[in-house]
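Structure first, then comments.
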Amino acid sequence: MAEPKKKKIISADTGEDVTNEKRKQAVVEAKPVGNATGLRIGAAILWLLAITFEVLALLVLYGKIDMKFMPGLYQIILFIVLDLICLVIGSQLWKKSNHIAPASKKNPTLFWLHNNLGLIVTVVAFVPLIILILTNKEADKKTKTIATVVAVIALLLGGVSSYDFNPISLEEQQAAEQVITGSVYWSPYGKVYHTHDDCQALNQSEQLTTGDVDQAIAAGRTRLCSFCAKRDAIDTEGLLTDNVDVSDYIPEETVEDVEDEAEEEPAA
Ligand SMILES: [Zn+2]
C-alpha cells in the first residue's frame, strides 16, 4: 500500500519521457541503523567522564589539585568545558539510541525519564558544582563570579542539547513499521519522512536520503508527511505525523483526486 509509485513525467511538446531531467534531487542511500546498546554504553562512559571533570573542577576550587602552568580560574573553566563536551556528546548518543530502540509509552513517567536521562545527568554534572562554588568561602570573589557564570551557561547549553524535543515510543515505531513497508525519503532537515520522492513538500530539497522507515526514525525523521499519508490513504492512527492540514495546502481538485483514488484502492 505504501510502496512509492514512480511517476513518469512526459513532455507535452515532444511526448518523450523527461522524468530524469525533471527530478532535481540527488537521492542517497541511508546508512545502516546503528547498534543501540553500543550507543548507550558510549553515552554512559561519556557521562561518567563529564562527572569526573566536574569533580576535578571542584578539586581545583578547593585547592586539592593545582596545575601550575595556568591560573586556578582557568583550570576550573577548562574542566567545566570538558564536562560540557562529554555531556553533550553522551546525550546525543543516548538520544540516537532511543530512536533505534525506543522506550514504551505505557508508563508516561518512565518514558519521559528514559528519553531525558541526558537532562538528569546535566543537572548532576553542573548543579552540585554551582552550589559548591557559590558556598565556597576560600575562593576570591572574581573566581567565584566567573566560575558560576560559566557553570550556569554550561548547565543551560547542556540542558537544551540533552533534552529530546523529538521523542518516539516503541508503540509509534511499531505502528510505522507495520504500515510503511516500502522505501521512504527524507530531506537533510526536519522531522518528516515521505513515501513519495516527488512529494510537493520536497520540491525545495536538493538532496534526499532513502531507506526503510526504521532508518528514517534512526535519522530523527519520526513523522510521516501528511501529504504522503493522504496520497496513500494511510490510516495514521497510532503513527506520528506532521501537523500540516492537507486540505489547507493542496488545491481542492487534487484533494478530490486523492480521495477518489483512496476509494478505488481500499486500505489492505
Ligand atoms: Zn510527503
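In the C-alpha cells, each chain is lettered A, B, ... as it comes, each chain's residues begin at 1, and ligands are numbered from 1 in order of appearance.
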Sorted per-residue table, chain A near ligand 1, closest atoms and distance, 7 Å, only C-alpha atoms and all ligand atoms, as a tab-separated table:
```
residue	atom	partner	partner_atom_place_in_ligand_line	distance
A:Tyr193	CA	ligand 1	1 (Zn)	6.8
A:His194	CA	ligand 1	1 (Zn)	4.1
A:Thr195	CA	ligand 1	1 (Zn)	6.3
A:His196	CA	ligand 1	1 (Zn)	6.0
A:Cys199	CA	ligand 1	1 (Zn)	4.5
A:Gln200	CA	ligand 1	1 (Zn)	6.6
A:Ala201	CA	ligand 1	1 (Zn)	5.6
A:Leu202	CA	ligand 1	1 (Zn)	6.9
A:Cys225	CA	ligand 1	1 (Zn)	4.5
A:Ser226	CA	ligand 1	1 (Zn)	6.5
A:Phe227	CA	ligand 1	1 (Zn)	5.0
A:Cys228	CA	ligand 1	1 (Zn)	4.2
```
Could you save the residues just selected, with C-alpha atoms, as a short mmCIF file (atom, residue, chain, number, x, y, z; two decimals), in the first residue's frame?
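Final output, saved to part_22.cif:
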```cif
data_model
loop_
_atom_site.label_atom_id
_atom_site.label_comp_id
_atom_site.auth_asym_id
_atom_site.auth_seq_id
_atom_site.Cartn_x
_atom_site.Cartn_y
_atom_site.Cartn_z
CA TYR A 193 9.74 11.24 6.14
CA HIS A 194 7.85 10.80 2.87
CA THR A 195 6.58 7.77 0.98
CA HIS A 196 6.95 9.65 -2.34
CA CYS A 199 6.05 14.86 -2.77
CA GLN A 200 5.28 18.57 -3.10
CA ALA A 201 6.81 19.17 0.33
CA LEU A 202 10.19 18.03 -1.07
CA CYS A 225 4.34 13.54 5.91
CA SER A 226 0.60 14.22 5.92
CA PHE A 227 0.56 14.89 2.15
CA CYS A 228 2.04 11.43 1.56
#
```
Polymer residues at most 12 Å from Ile89 of chain A, only C-alpha atoms, same-chain spacing of 2 or more positions, as a list in words:
Leu39, Arg40, Gly42, Ala43, Ala44, Ile45, Leu46, Trp47, Leu48, Leu49, Ala50, Leu82, Asp83, Leu84, Ile85, Cys86, Leu87, Ser91, Gln92, Leu93, Trp94, Lys95, Lys96, Gly118, Thr122, Gly158, Ser161 and Ser162 of chain A
Just to confirm, what's the straight-line distance from atom CA of His99 of chain A to atom CA of Gly34 of chain A in Å (one decimal)?
10.0 Å
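If you look at atom CA of Ile131 of chain A and atom CA of Leu73 of chain A, they are 16.5 Å away from each other.
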Residue nearest Val28 of chain A - candidates A:Pro188, A:Val213, A:Thr222, A:Asp232, atoms counted: only C-alpha atoms:
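Answer, going by the shortest atom-to-atom distance: A:Pro188.
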So which residues of segment 66-248 of chain A fall under helix (DSSP H, G or I) by DSSP, listed as number ranges by chain?
A: 72-100, 108-115, 117-134, 141-162, 170-179, 200-202, 213-218, 226-231, 246-248
In Å to one decimal, how far is atom CA of Val123 of chain A from atom CA of Leu155 of chain A?
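Separation of atom CA of Leu155 of chain A and atom CA of Val123 of chain A: 7.1 Å.
The shortest atom-to-atom distance to Leu170 of chain A, with only C-alpha atoms taken into account, belongs to A:Ala103 out of A:Ile51, A:Ala233, A:Ala103, A:Leu119.
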Would you list, as a ChimeraX atom specification, the residues of segment 4-168 of chain A that end up in strand (DSSP E) under DSSP run on this structure's backbone?
/A:26-29
Using N, CA and C atoms, can you write the selected residues to a file as a compact mmCIF listing (two decimals), in the first residue's frame?
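And here's result-v6.txt as it stands now:
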```txt
# COMPACT_ATOMS: atom_id res chain seq x y z
N ALA A 26 19.21 14.84 -5.79
CA ALA A 26 20.08 13.67 -5.73
C ALA A 26 19.55 12.80 -4.60
N VAL A 27 19.45 11.49 -4.82
CA VAL A 27 18.93 10.59 -3.78
C VAL A 27 20.07 9.68 -3.32
N VAL A 28 20.36 9.70 -2.02
CA VAL A 28 21.42 8.84 -1.48
C VAL A 28 20.82 7.81 -0.52
N GLU A 29 21.48 6.66 -0.43
CA GLU A 29 21.02 5.59 0.46
C GLU A 29 21.36 5.93 1.90
```
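In this comparison, which uses only C-alpha atoms, the residue of A:Ala216, A:Leu61, A:Val192, A:Ala30 approaching Asp242 of chain A most closely is A:Val192.
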Pick the closest to Tyr62 of chain A from A:Ala125, A:Ile41, A:Leu239, A:Leu132: which is it, counting only C-alpha atoms?
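Ranking A:Ala125, A:Ile41, A:Leu239, A:Leu132 by distance to Tyr62 of chain A, first place goes to A:Leu132.
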Which of A:Glu171, A:Asp66, A:Asp198, A:Asp164 sits closest to Lys106 of chain A [using only C-alpha atoms]:
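For Lys106 of chain A, the nearest of the given residues is A:Glu171.
When only C-alpha atoms are used to measure the gap to Leu113 of chain A, the shortest distance among A:Pro167, A:Met67, A:Lys144, A:Ala139 belongs to A:Pro167.
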